[in-house]
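Participant: I'm passing along run30.cif; it holds mmCIF, C-alpha atoms.
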data_protein
#
loop_
_atom_site.group_PDB
_atom_site.id
_atom_site.type_symbol
_atom_site.label_atom_id
_atom_site.label_comp_id
_atom_site.auth_asym_id
_atom_site.auth_seq_id
_atom_site.Cartn_x
_atom_site.Cartn_y
_atom_site.Cartn_z
ATOM 1 C CA MET A 1 152.629 121.222 -3.154
ATOM 2 C CA THR A 2 156.109 120.831 -1.658
ATOM 3 C CA ALA A 3 157.303 117.700 0.155
ATOM 4 C CA PRO A 4 155.635 117.255 3.555
ATOM 5 C CA VAL A 5 156.880 118.366 6.932
ATOM 6 C CA PHE A 6 157.003 115.324 9.233
ATOM 7 C CA VAL A 7 155.647 116.237 12.687
ATOM 8 C CA THR A 8 155.858 114.177 15.871
ATOM 9 C CA GLY A 9 153.579 115.180 18.731
ATOM 10 C CA GLY A 10 151.230 116.918 16.317
ATOM 11 C CA SER A 11 148.102 115.882 18.200
ATOM 12 C CA GLY A 12 149.260 117.594 21.400
ATOM 13 C CA PHE A 13 148.515 121.069 22.709
ATOM 14 C CA ILE A 14 151.456 122.872 21.081
ATOM 15 C CA GLY A 15 151.777 120.404 18.202
ATOM 16 C CA SER A 16 148.200 120.888 17.037
ATOM 17 C CA HIS A 17 148.771 124.624 16.696
ATOM 18 C CA VAL A 18 151.981 123.966 14.763
ATOM 19 C CA VAL A 19 150.167 121.576 12.407
ATOM 20 C CA ARG A 20 147.377 124.045 11.732
ATOM 21 C CA ARG A 21 149.812 126.890 11.094
ATOM 22 C CA LEU A 22 151.770 124.796 8.593
ATOM 23 C CA VAL A 23 148.578 123.760 6.784
ATOM 24 C CA GLN A 24 147.327 127.366 6.726
ATOM 25 C CA GLN A 25 150.579 128.298 4.986
ATOM 26 C CA GLY A 26 149.794 125.776 2.267
ATOM 27 C CA ARG A 27 152.340 123.197 3.376
ATOM 28 C CA ALA A 28 151.778 119.465 3.322
ATOM 29 C CA VAL A 29 152.013 117.962 6.812
ATOM 30 C CA ARG A 30 152.447 114.346 7.804
ATOM 31 C CA CYS A 31 151.745 113.601 11.495
ATOM 32 C CA LEU A 32 153.088 110.639 13.401
ATOM 33 C CA ILE A 33 150.334 109.189 15.603
ATOM 34 C CA ARG A 34 149.820 106.168 17.815
ATOM 35 C CA SER A 35 146.761 103.965 17.656
ATOM 36 C CA THR A 36 145.761 105.520 21.006
ATOM 37 C CA SER A 37 146.325 109.147 19.985
ATOM 38 C CA ARG A 38 143.488 111.615 20.491
ATOM 39 C CA LEU A 39 142.991 113.417 17.210
ATOM 40 C CA ASP A 40 140.219 115.853 18.130
ATOM 41 C CA ARG A 41 142.553 118.863 17.885
ATOM 42 C CA ILE A 42 143.722 118.087 14.323
ATOM 43 C CA ALA A 43 141.101 115.727 12.864
ATOM 44 C CA ASP A 44 139.865 118.421 10.478
ATOM 45 C CA SER A 45 143.226 120.100 9.866
ATOM 46 C CA GLY A 46 143.924 118.533 6.494
ATOM 47 C CA CYS A 47 147.157 116.856 7.539
ATOM 48 C CA GLU A 48 148.110 113.272 6.692
ATOM 49 C CA PHE A 49 148.359 110.679 9.476
ATOM 50 C CA VAL A 50 150.894 107.856 9.694
ATOM 51 C CA LEU A 51 150.893 105.222 12.402
ATOM 52 C CA GLY A 52 154.088 104.767 14.385
ATOM 53 C CA ALA A 53 155.938 105.342 17.650
ATOM 54 C CA LEU A 54 159.178 106.927 18.806
ATOM 55 C CA GLU A 55 160.483 103.552 19.930
ATOM 56 C CA ASP A 56 159.989 101.941 16.502
ATOM 57 C CA ARG A 57 162.634 103.280 14.120
ATOM 58 C CA SER A 58 161.400 101.195 11.189
ATOM 59 C CA LEU A 59 157.947 102.791 11.383
ATOM 60 C CA LEU A 60 159.528 106.222 11.777
ATOM 61 C CA LEU A 61 161.593 105.630 8.640
ATOM 62 C CA LYS A 62 158.542 104.436 6.725
ATOM 63 C CA GLY A 63 156.544 107.500 7.775
ATOM 64 C CA MET A 64 159.328 109.913 6.847
ATOM 65 C CA GLN A 65 159.732 108.718 3.272
ATOM 66 C CA GLY A 66 159.348 111.647 0.894
ATOM 67 C CA CYS A 67 159.359 114.297 3.628
ATOM 68 C CA ALA A 68 161.572 117.376 3.414
ATOM 69 C CA SER A 69 161.935 118.315 7.069
ATOM 70 C CA ILE A 70 160.952 117.351 10.607
ATOM 71 C CA ILE A 71 159.503 119.103 13.638
ATOM 72 C CA HIS A 72 160.009 116.854 16.655
ATOM 73 C CA LEU A 73 157.589 117.762 19.459
ATOM 74 C CA ALA A 74 156.599 114.395 20.923
ATOM 75 C CA GLY A 75 157.386 113.843 24.584
ATOM 76 C CA LEU A 76 156.104 113.657 28.141
ATOM 77 C CA VAL A 77 155.240 117.112 29.448
ATOM 78 C CA LYS A 78 152.847 116.695 32.374
ATOM 79 C CA PRO A 79 154.484 117.858 35.648
ATOM 80 C CA GLU A 80 153.346 114.726 37.485
ATOM 81 C CA LEU A 81 155.532 112.713 35.075
ATOM 82 C CA PHE A 82 158.691 114.817 35.550
ATOM 83 C CA ASN A 83 160.401 111.946 37.376
ATOM 84 C CA SER A 84 158.806 109.114 35.429
ATOM 85 C CA PRO A 85 161.143 106.238 34.444
ATOM 86 C CA LEU A 86 159.809 106.720 30.897
ATOM 87 C CA MET A 87 161.440 110.152 30.584
ATOM 88 C CA MET A 88 164.783 108.897 29.299
ATOM 89 C CA ASP A 89 163.178 106.356 26.955
ATOM 90 C CA THR A 90 160.897 108.967 25.417
ATOM 91 C CA HIS A 91 163.114 112.018 25.205
ATOM 92 C CA VAL A 92 166.556 110.493 24.732
ATOM 93 C CA ASP A 93 166.028 107.164 22.982
ATOM 94 C CA GLY A 94 163.011 108.501 21.096
ATOM 95 C CA THR A 95 164.904 111.531 19.809
ATOM 96 C CA ARG A 96 167.815 109.345 18.761
ATOM 97 C CA ASN A 97 165.433 107.118 16.799
ATOM 98 C CA VAL A 98 163.903 110.136 15.064
ATOM 99 C CA LEU A 99 167.319 111.497 14.078
ATOM 100 C CA ASP A 100 168.639 108.114 12.938
ATOM 101 C CA ALA A 101 165.545 107.554 10.804
ATOM 102 C CA ALA A 102 165.899 111.076 9.394
ATOM 103 C CA LEU A 103 169.495 110.398 8.369
ATOM 104 C CA GLU A 104 168.494 107.152 6.682
ATOM 105 C CA ALA A 105 165.577 108.871 4.924
ATOM 106 C CA GLY A 106 167.897 111.597 3.653
ATOM 107 C CA ILE A 107 166.259 114.362 5.725
ATOM 108 C CA ARG A 108 168.685 116.916 7.083
ATOM 109 C CA ARG A 109 166.476 119.759 8.379
ATOM 110 C CA VAL A 110 165.025 119.300 11.875
ATOM 111 C CA VAL A 111 163.550 121.528 14.562
ATOM 112 C CA TYR A 112 163.727 119.956 18.004
ATOM 113 C CA VAL A 113 161.271 121.331 20.565
ATOM 114 C CA SER A 114 162.893 121.303 23.988
ATOM 115 C CA SER A 115 161.954 123.457 27.001
ATOM 116 C CA THR A 116 163.179 126.386 29.054
ATOM 117 C CA ALA A 117 163.531 123.810 31.835
ATOM 118 C CA THR A 118 166.955 123.141 30.308
ATOM 119 C CA VAL A 119 167.837 126.848 30.282
ATOM 120 C CA GLY A 120 167.006 128.243 33.699
ATOM 121 C CA GLY A 121 165.835 127.655 37.205
ATOM 122 C CA SER A 122 167.199 130.000 39.875
ATOM 123 C CA ARG A 123 166.391 130.784 43.488
ATOM 124 C CA LEU A 124 166.430 134.506 42.734
ATOM 125 C CA PRO A 125 164.560 136.264 39.888
ATOM 126 C CA PHE A 126 167.416 136.140 37.391
ATOM 127 C CA VAL A 127 166.642 136.438 33.661
ATOM 128 C CA HIS A 128 168.068 133.554 31.601
ATOM 129 C CA ASP A 129 168.966 133.329 27.934
ATOM 130 C CA GLU A 130 170.198 130.678 25.489
ATOM 131 C CA GLN A 131 173.693 130.678 26.978
ATOM 132 C CA HIS A 132 172.438 129.357 30.317
ATOM 133 C CA THR A 133 171.902 125.769 31.383
ATOM 134 C CA ALA A 134 169.680 124.459 34.172
ATOM 135 C CA PRO A 135 171.701 124.388 37.423
ATOM 136 C CA LEU A 136 173.016 121.141 38.823
ATOM 137 C CA GLN A 137 170.482 121.068 41.667
ATOM 138 C CA ILE A 138 167.528 121.206 39.254
ATOM 139 C CA ARG A 139 169.119 118.513 37.079
ATOM 140 C CA LYS A 140 169.584 116.260 40.097
ATOM 141 C CA GLN A 141 166.005 116.673 41.217
ATOM 142 C CA LEU A 142 164.147 116.281 37.909
ATOM 143 C CA VAL A 143 164.617 113.486 35.382
ATOM 144 C CA TYR A 144 162.697 115.596 32.863
ATOM 145 C CA VAL A 145 165.423 118.236 32.828
ATOM 146 C CA ARG A 146 168.211 115.660 32.485
ATOM 147 C CA ALA A 147 166.356 113.925 29.654
ATOM 148 C CA LYS A 148 165.737 117.146 27.724
ATOM 149 C CA LEU A 149 169.361 118.230 28.146
ATOM 150 C CA ALA A 150 170.536 114.843 26.875
ATOM 151 C CA ALA A 151 168.246 115.148 23.852
ATOM 152 C CA GLU A 152 169.645 118.611 23.097
ATOM 153 C CA SER A 153 173.167 117.189 23.338
ATOM 154 C CA GLN A 154 172.220 114.529 20.794
ATOM 155 C CA CYS A 155 170.963 117.219 18.436
ATOM 156 C CA ARG A 156 174.343 118.920 18.585
ATOM 157 C CA GLU A 157 176.076 115.612 17.870
ATOM 158 C CA TYR A 158 173.911 115.015 14.798
ATOM 159 C CA ASN A 159 174.632 118.520 13.571
ATOM 160 C CA GLU A 160 178.270 117.455 13.462
ATOM 161 C CA ARG A 161 177.198 114.514 11.300
ATOM 162 C CA GLY A 162 175.843 116.834 8.618
ATOM 163 C CA MET A 163 172.307 117.546 9.802
ATOM 164 C CA SER A 164 170.844 121.015 10.295
ATOM 165 C CA ILE A 165 169.057 120.927 13.643
ATOM 166 C CA THR A 166 167.658 123.966 15.429
ATOM 167 C CA ILE A 167 166.547 123.762 19.062
ATOM 168 C CA VAL A 168 163.659 125.834 20.413
ATOM 169 C CA ASN A 169 162.902 126.181 24.123
ATOM 170 C CA PRO A 170 159.299 127.188 24.921
ATOM 171 C CA ALA A 171 158.511 128.605 28.358
ATOM 172 C CA GLU A 172 155.174 128.032 30.156
ATOM 173 C CA VAL A 173 152.735 127.743 27.264
ATOM 174 C CA PHE A 174 149.171 128.964 27.836
ATOM 175 C CA GLY A 175 146.236 129.121 25.462
ATOM 176 C CA PRO A 176 142.717 127.912 24.645
ATOM 177 C CA ASN A 177 142.011 124.217 24.121
ATOM 178 C CA ASP A 178 144.422 123.077 26.843
ATOM 179 C CA THR A 179 142.153 120.114 27.468
ATOM 180 C CA ASP A 180 144.805 118.291 29.523
ATOM 181 C CA ARG A 181 144.985 121.443 31.695
ATOM 182 C CA ILE A 182 148.790 121.342 31.689
ATOM 183 C CA THR A 183 149.051 125.079 32.366
ATOM 184 C CA ALA A 184 145.367 126.002 32.536
ATOM 185 C CA GLY A 185 145.125 123.840 35.651
ATOM 186 C CA SER A 186 146.931 126.453 37.735
ATOM 187 C CA LEU A 187 144.439 129.118 36.635
ATOM 188 C CA ILE A 188 141.558 126.823 37.584
ATOM 189 C CA ASP A 189 143.167 126.360 41.013
ATOM 190 C CA PHE A 190 143.374 130.140 41.481
ATOM 191 C CA ALA A 191 139.717 130.467 40.472
ATOM 192 C CA THR A 192 138.413 127.775 42.823
ATOM 193 C CA ALA A 193 140.633 128.111 45.918
ATOM 194 C CA ASN A 194 139.864 130.492 48.766
ATOM 195 C CA PRO A 195 142.208 131.752 50.003
ATOM 196 C CA VAL A 196 144.628 131.323 47.105
ATOM 197 C CA VAL A 197 147.922 129.856 48.281
ATOM 198 C CA VAL A 198 151.002 130.460 46.118
ATOM 199 C CA CYS A 199 154.726 129.848 46.504
ATOM 200 C CA ASP A 200 157.820 131.889 45.820
ATOM 201 C CA GLY A 201 159.029 131.587 42.249
ATOM 202 C CA GLY A 202 158.142 132.820 38.810
ATOM 203 C CA ILE A 203 157.545 131.809 35.210
ATOM 204 C CA SER A 204 157.568 133.236 31.718
ATOM 205 C CA VAL A 205 154.047 133.218 30.244
ATOM 206 C CA VAL A 206 153.803 132.630 26.489
ATOM 207 C CA HIS A 207 150.806 132.119 24.203
ATOM 208 C CA VAL A 208 150.540 128.833 22.327
ATOM 209 C CA ASP A 209 149.935 130.605 18.998
ATOM 210 C CA ASP A 210 153.119 132.630 19.436
ATOM 211 C CA VAL A 211 155.079 129.467 20.205
ATOM 212 C CA ALA A 212 153.648 127.698 17.161
ATOM 213 C CA ALA A 213 154.537 130.671 14.959
ATOM 214 C CA ALA A 214 158.097 130.677 16.313
ATOM 215 C CA ILE A 215 158.525 126.938 15.756
ATOM 216 C CA VAL A 216 157.498 127.269 12.120
ATOM 217 C CA GLN A 217 159.768 130.289 11.728
ATOM 218 C CA ALA A 218 162.612 128.251 13.234
ATOM 219 C CA LEU A 219 162.112 125.689 10.480
ATOM 220 C CA ASP A 220 162.698 128.401 7.890
ATOM 221 C CA HIS A 221 165.054 130.819 9.622
ATOM 222 C CA GLY A 222 166.635 129.035 12.589
ATOM 223 C CA HIS A 223 170.369 128.403 12.471
ATOM 224 C CA ALA A 224 171.814 124.904 12.856
ATOM 225 C CA GLY A 225 173.107 124.202 16.343
ATOM 226 C CA GLU A 226 171.404 127.253 17.871
ATOM 227 C CA ARG A 227 168.876 127.432 20.692
ATOM 228 C CA TYR A 228 165.991 129.906 20.735
ATOM 229 C CA VAL A 229 164.077 130.749 23.901
ATOM 230 C CA LEU A 230 160.361 131.139 23.129
ATOM 231 C CA SER A 231 159.030 133.144 26.037
ATOM 232 C CA GLY A 232 156.730 136.021 26.821
ATOM 233 C CA GLU A 233 156.274 138.163 29.905
ATOM 234 C CA ASN A 234 157.983 137.183 33.166
ATOM 235 C CA LEU A 235 155.688 136.997 36.201
ATOM 236 C CA THR A 236 156.067 135.882 39.798
ATOM 237 C CA VAL A 237 153.647 133.132 40.780
ATOM 238 C CA ARG A 238 151.882 135.642 43.007
ATOM 239 C CA ARG A 239 151.464 138.098 40.112
ATOM 240 C CA LEU A 240 150.175 135.250 37.933
ATOM 241 C CA ALA A 241 147.488 134.577 40.555
ATOM 242 C CA GLU A 242 146.662 138.296 40.911
ATOM 243 C CA LEU A 243 146.280 138.768 37.161
ATOM 244 C CA THR A 244 144.132 135.641 36.824
ATOM 245 C CA LEU A 245 141.786 136.789 39.592
ATOM 246 C CA GLU A 246 141.628 140.257 38.053
ATOM 247 C CA LEU A 247 140.621 138.818 34.660
ATOM 248 C CA LEU A 248 138.000 136.655 36.368
ATOM 249 C CA ASN A 249 136.776 139.658 38.386
ATOM 250 C CA LEU A 250 137.319 137.739 41.615
ATOM 251 C CA LYS A 251 138.503 139.230 44.902
ATOM 252 C CA LYS A 252 140.315 136.744 47.127
ATOM 253 C CA ARG A 253 143.078 136.747 49.669
ATOM 254 C CA ILE A 254 146.415 135.486 48.332
ATOM 255 C CA ILE A 255 148.881 133.883 50.744
ATOM 256 C CA THR A 256 152.507 133.371 49.713
ATOM 257 C CA VAL A 257 154.293 130.412 51.299
ATOM 258 C CA PRO A 258 158.064 131.062 51.482
ATOM 259 C CA ARG A 259 160.286 128.679 49.536
ATOM 260 C CA PRO A 260 162.028 127.144 52.623
ATOM 261 C CA LEU A 261 158.668 126.347 54.223
ATOM 262 C CA MET A 262 157.297 124.860 50.994
ATOM 263 C CA LEU A 263 160.407 122.688 50.588
ATOM 264 C CA ALA A 264 160.141 121.548 54.217
ATOM 265 C CA ILE A 265 156.465 120.621 53.822
ATOM 266 C CA ALA A 266 157.251 118.686 50.643
ATOM 267 C CA PHE A 267 160.172 116.864 52.277
ATOM 268 C CA VAL A 268 158.252 115.854 55.405
ATOM 269 C CA GLY A 269 155.150 114.882 53.430
ATOM 270 C CA SER A 270 157.215 112.739 51.074
ATOM 271 C CA LYS A 271 159.193 111.024 53.842
ATOM 272 C CA LEU A 272 156.157 110.337 56.018
ATOM 273 C CA ARG A 273 153.924 109.608 53.021
ATOM 274 C CA VAL A 274 151.451 112.227 54.142
ATOM 275 C CA PRO A 275 148.925 113.127 51.412
ATOM 276 C CA LEU A 276 149.585 116.634 50.099
ATOM 277 C CA PRO A 277 147.488 118.831 47.750
ATOM 278 C CA PHE A 278 150.465 118.972 45.361
ATOM 279 C CA ASN A 279 153.193 116.710 44.011
ATOM 280 C CA PRO A 280 156.179 117.160 46.382
ATOM 281 C CA GLU A 281 158.621 116.099 43.661
ATOM 282 C CA ILE A 282 157.983 119.231 41.586
ATOM 283 C CA VAL A 283 158.284 121.731 44.450
ATOM 284 C CA PRO A 284 161.956 122.550 43.593
ATOM 285 C CA PHE A 285 160.726 123.311 40.061
ATOM 286 C CA ALA A 286 157.671 125.304 41.153
ATOM 287 C CA THR A 287 159.567 127.427 43.695
ATOM 288 C CA SER A 288 162.332 128.444 41.272
ATOM 289 C CA TYR A 289 162.383 131.432 38.943
ATOM 290 C CA TRP A 290 162.143 130.679 35.221
ATOM 291 C CA PHE A 291 162.446 134.212 33.894
ATOM 292 C CA MET A 292 163.582 134.322 30.259
ATOM 293 C CA ASP A 293 164.960 136.719 27.644
ATOM 294 C CA ASN A 294 163.279 136.265 24.237
ATOM 295 C CA SER A 295 165.326 138.839 22.298
ATOM 296 C CA LYS A 296 167.226 136.273 20.200
ATOM 297 C CA ALA A 297 164.000 134.645 18.956
ATOM 298 C CA ARG A 298 162.410 138.027 18.233
ATOM 299 C CA THR A 299 165.431 139.138 16.217
ATOM 300 C CA GLU A 300 166.498 135.988 14.367
ATOM 301 C CA LEU A 301 163.167 134.194 13.986
ATOM 302 C CA ARG A 302 161.266 137.432 13.291
ATOM 303 C CA VAL A 303 158.491 136.725 15.779
ATOM 304 C CA ASP A 304 156.814 138.621 18.587
ATOM 305 C CA PHE A 305 155.194 137.546 21.837
ATOM 306 C CA ARG A 306 152.029 139.003 23.312
ATOM 307 C CA SER A 307 151.606 140.250 26.880
ATOM 308 C CA ALA A 308 150.741 138.026 29.816
ATOM 309 C CA ARG A 309 147.392 139.813 30.139
ATOM 310 C CA ASP A 310 146.412 139.075 26.541
ATOM 311 C CA THR A 311 147.664 135.510 26.848
ATOM 312 C CA LEU A 312 145.772 134.749 30.044
ATOM 313 C CA GLN A 313 142.625 136.512 28.816
ATOM 314 C CA SER A 314 142.367 133.995 25.973
ATOM 315 C CA VAL A 315 142.642 131.121 28.454
ATOM 316 C CA VAL A 316 140.132 132.603 30.889
ATOM 317 C CA THR A 317 137.638 133.124 28.055
ATOM 318 C CA TRP A 318 138.043 129.481 27.010
ATOM 319 C CA LEU A 319 137.786 128.206 30.613
ATOM 320 C CA ARG A 320 134.507 130.046 31.062
ATOM 321 C CA ALA A 321 133.132 128.893 27.709
ATOM 322 C CA THR A 322 133.904 125.257 28.565
ATOM 323 C CA GLY A 323 132.614 125.465 32.140
ATOM 324 C CA TYR A 324 135.928 124.914 33.919
ATOM 325 C CA VAL A 325 135.390 128.173 35.804
ATOM 326 C CA GLN A 326 132.340 130.353 36.416
#
Re-express the file's structure as structure tokens.

Facilitator:
Amino acid sequence: MTAPVFVTGGSGFIGSHVVRRLVQQGRAVRCLIRSTSRLDRIADSGCEFVLGALEDRSLLLKGMQGCASIIHLAGLVKPELFNSPLMMDTHVDGTRNVLDAALEAGIRRVVYVSSTATVGGSRLPFVHDEQHTAPLQIRKQLVYVRAKLAAESQCREYNERGMSITIVNPAEVFGPNDTDRITAGSLIDFATANPVVVCDGGISVVHVDDVAAAIVQALDHGHAGERYVLSGENLTVRRLAELTLELLNLKKRIITVPRPLMLAIAFVGSKLRVPLPFNPEIVPFATSYWFMDNSKARTELRVDFRSARDTLQSVVTWLRATGYVQ
């Protein structure tokens, strides 16, 4: 068996699918975990576990010994944490520690998993690609975006120091076993609300298995210093709600709240500390369009991405099986 792939964030939603794909290909995998990590997604995967943390470079270095490459997924991804003071520590300092330890361990090949949050975000439904960067307004409003952009910048700096780092940017990742309900939560909201209230804006829907496949392909075929958008079908938030209700065989009224009104409600609620049924800090994110072009990943990484219908069907089936929706 070849030298292991060192994976951070392997116990997470996307990371667990990456770990299983690597193992299925016959590769040795070594996962960085904390003492508090939930391992239910990968406990039976056959990977090796090493205890450590992004903030402890000595433990990172110890865990990386003998590894051939790294997939760095670990980070804070829940929307309610998008302005957390931990964002910079985790995504910027943590990534620097991983790359420094990799250099010291003699590892040169790295795939860094970023986000399409660093690529797009527009008031109109414009389709973004790897050449785009999140607009200044989005960067000002969300620490998450600034932190991810800074981490990407570090990757480019380390490429200049002789490493071979590829950046991948997943869109909104859906799939079964989203036990933290990071994206599945919105589908649950559509299923349980009546009427269903949505905002202007749109996302690119991508299946977790397709993202995992692309990340592994990036390890083998991605070019150093390049970004690859990992996205599927582009949908407005309203169409996302319509398709979810259709798959659930539910008939409900859908009300779209215009972006200016949603921003005003969020601003007033935040200033007056009025309880709202959503986090006002992520409204600029939620009411933007995150439409993406995946042609570069399809061509260079030799991957494909399934339709939004097929993607959401797998989530709906899992939600029903687990009792999240009827």

Participant: Please build the interface table for stretch 157-246 of chain A against stretch 282-292 of chain A with a cut-off of 12 Å, listing for each qualifying residue the nearest atom pair and the distance in Å to one decimal; count all atoms listed in the file, order rows by chain and increasing number, and write it as a tab-separated table.

Facilitator:
residue	atom	partner	partner_atom	distance
A:Asn169	CA	A:Met292	CA	10.2
A:Pro170	CA	A:Met292	CA	9.9
A:Ala171	CA	A:Met292	CA	7.9
A:Glu172	CA	A:Trp290	CA	9.0
A:Ser186	CA	A:Ala286	CA	11.3
A:Val198	CA	A:Thr287	CA	9.4
A:Cys199	CA	A:Thr287	CA	6.1
A:Asp200	CA	A:Thr287	CA	5.2
A:Gly201	CA	A:Thr287	CA	4.4
A:Gly202	CA	A:Tyr289	CA	4.5
A:Ile203	CA	A:Trp290	CA	4.7
A:Ser204	CA	A:Phe291	CA	5.4
A:Val205	CA	A:Phe291	CA	9.2
A:Val206	CA	A:Met292	CA	10.6
A:Tyr228	CA	A:Met292	CA	10.8
A:Val229	CA	A:Met292	CA	7.3
A:Leu230	CA	A:Met292	CA	8.4
A:Ser231	CA	A:Met292	CA	6.3
A:Gly232	CA	A:Met292	CA	7.9
A:Glu233	CA	A:Met292	CA	8.3
A:Asn234	CA	A:Phe291	CA	5.4
A:Leu235	CA	A:Phe291	CA	7.7
A:Thr236	CA	A:Tyr289	CA	7.8
A:Val237	CA	A:Thr287	CA	8.7
A:Arg238	CA	A:Thr287	CA	11.3

Participant: Save out the residues we just selected, C-alpha atoms, as a short mmCIF file (atom, residue, chain, number, x, y, z; two decimals), keeping the file's coordinate frame.

Facilitator:
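Written out: part_11.cif:
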data_model
loop_
_atom_site.label_atom_id
_atom_site.label_comp_id
_atom_site.auth_asym_id
_atom_site.auth_seq_id
_atom_site.Cartn_x
_atom_site.Cartn_y
_atom_site.Cartn_z
CA ASN A 169 162.90 126.18 24.12
CA PRO A 170 159.30 127.19 24.92
CA ALA A 171 158.51 128.60 28.36
CA GLU A 172 155.17 128.03 30.16
CA SER A 186 146.93 126.45 37.74
CA VAL A 198 151.00 130.46 46.12
CA CYS A 199 154.73 129.85 46.50
CA ASP A 200 157.82 131.89 45.82
CA GLY A 201 159.03 131.59 42.25
CA GLY A 202 158.14 132.82 38.81
CA ILE A 203 157.54 131.81 35.21
CA SER A 204 157.57 133.24 31.72
CA VAL A 205 154.05 133.22 30.24
CA VAL A 206 153.80 132.63 26.49
CA TYR A 228 165.99 129.91 20.74
CA VAL A 229 164.08 130.75 23.90
CA LEU A 230 160.36 131.14 23.13
CA SER A 231 159.03 133.14 26.04
CA GLY A 232 156.73 136.02 26.82
CA GLU A 233 156.27 138.16 29.90
CA ASN A 234 157.98 137.18 33.17
CA LEU A 235 155.69 137.00 36.20
CA THR A 236 156.07 135.88 39.80
CA VAL A 237 153.65 133.13 40.78
CA ARG A 238 151.88 135.64 43.01
#

Participant: Sort by chain and increasing residue number a table of all residues of stretch 165-230 of chain A within 9 Å of stretch 64-71 of chain A, each with its closest pair of atoms and their distance in Å to one decimal, counting all atoms listed in the file, and write it as JSON lines.

Facilitator:
{"residue": "A:Ile215", "atom": "CA", "partner": "A:Ile71", "partner_atom": "CA", "distance": 8.2}
{"residue": "A:Val216", "atom": "CA", "partner": "A:Ile71", "partner_atom": "CA", "distance": 8.5}
{"residue": "A:Leu219", "atom": "CA", "partner": "A:Ile71", "partner_atom": "CA", "distance": 7.8}

Participant: Suppose you want the space between atom CA of A:Leu187 and atom CA of A:Leu247; what is it in Å?

Facilitator: 10.6 Å

Participant: Quick one: axis-aligned box around all listed atoms of stretch 4-17 of chain A, 3 Å on every side, centre and edge lengths in Å to one decimal, written as lines of an AutoDock Vina configuration file.

Facilitator:
center_x = 152.6
center_y = 119.4
center_z = 13.1
size_x = 14.9
size_y = 16.4
size_z = 25.2

Participant: Pick from A:Phe174, A:Phe190, A:Tyr144, A:Phe82: nearest to A:Arg309, with all atoms listed in the file counted?

Facilitator: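 Of A:Phe174, A:Phe190, A:Tyr144, A:Phe82, the one nearest A:Arg309 is A:Phe174, counting all atoms listed in the file.
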
Participant: Report, in Å to a single decimal, how far apart atom CA of A:Arg20 and atom CA of A:Arg38 are.

Facilitator: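 About the pair atom CA of A:Arg38 and atom CA of A:Arg20: they are 15.7 Å apart.
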
Participant: Could you rebuild stretch 236-247 of chain A with N, CA and C atoms and give me the result as an mmCIF file, in the frame of the given file?

Facilitator:
data_model
loop_
_atom_site.group_PDB
_atom_site.id
_atom_site.type_symbol
_atom_site.label_atom_id
_atom_site.label_comp_id
_atom_site.auth_asym_id
_atom_site.auth_seq_id
_atom_site.Cartn_x
_atom_site.Cartn_y
_atom_site.Cartn_z
ATOM 1 N N THR A 236 155.986 136.715 38.601
ATOM 2 C CA THR A 236 156.067 135.882 39.798
ATOM 3 C C THR A 236 154.796 135.049 39.873
ATOM 4 N N VAL A 237 154.843 133.966 40.625
ATOM 5 C CA VAL A 237 153.647 133.132 40.780
ATOM 6 C C VAL A 237 152.526 133.948 41.423
ATOM 7 N N ARG A 238 152.899 134.805 42.372
ATOM 8 C CA ARG A 238 151.882 135.642 43.007
ATOM 9 C C ARG A 238 151.224 136.573 41.987
ATOM 10 N N ARG A 239 152.038 137.190 41.121
ATOM 11 C CA ARG A 239 151.464 138.098 40.112
ATOM 12 C C ARG A 239 150.598 137.331 39.116
ATOM 13 N N LEU A 240 150.990 136.092 38.808
ATOM 14 C CA LEU A 240 150.175 135.250 37.933
ATOM 15 C C LEU A 240 148.797 135.040 38.555
ATOM 16 N N ALA A 241 148.761 134.767 39.863
ATOM 17 C CA ALA A 241 147.488 134.577 40.555
ATOM 18 C C ALA A 241 146.683 135.877 40.571
ATOM 19 N N GLU A 242 147.358 137.001 40.868
ATOM 20 C CA GLU A 242 146.662 138.296 40.911
ATOM 21 C C GLU A 242 146.031 138.629 39.562
ATOM 22 N N LEU A 243 146.788 138.438 38.488
ATOM 23 C CA LEU A 243 146.280 138.768 37.161
ATOM 24 C C LEU A 243 145.120 137.855 36.767
ATOM 25 N N THR A 244 145.222 136.572 37.119
ATOM 26 C CA THR A 244 144.132 135.641 36.824
ATOM 27 C C THR A 244 142.850 136.049 37.539
ATOM 28 N N LEU A 245 142.960 136.375 38.822
ATOM 29 C CA LEU A 245 141.786 136.789 39.592
ATOM 30 C C LEU A 245 141.210 138.091 39.047
ATOM 31 N N GLU A 246 142.084 138.991 38.629
ATOM 32 C CA GLU A 246 141.628 140.257 38.053
ATOM 33 C C GLU A 246 140.824 140.012 36.781
ATOM 34 N N LEU A 247 141.318 139.125 35.912
ATOM 35 C CA LEU A 247 140.621 138.818 34.660
ATOM 36 C C LEU A 247 139.295 138.107 34.913
#
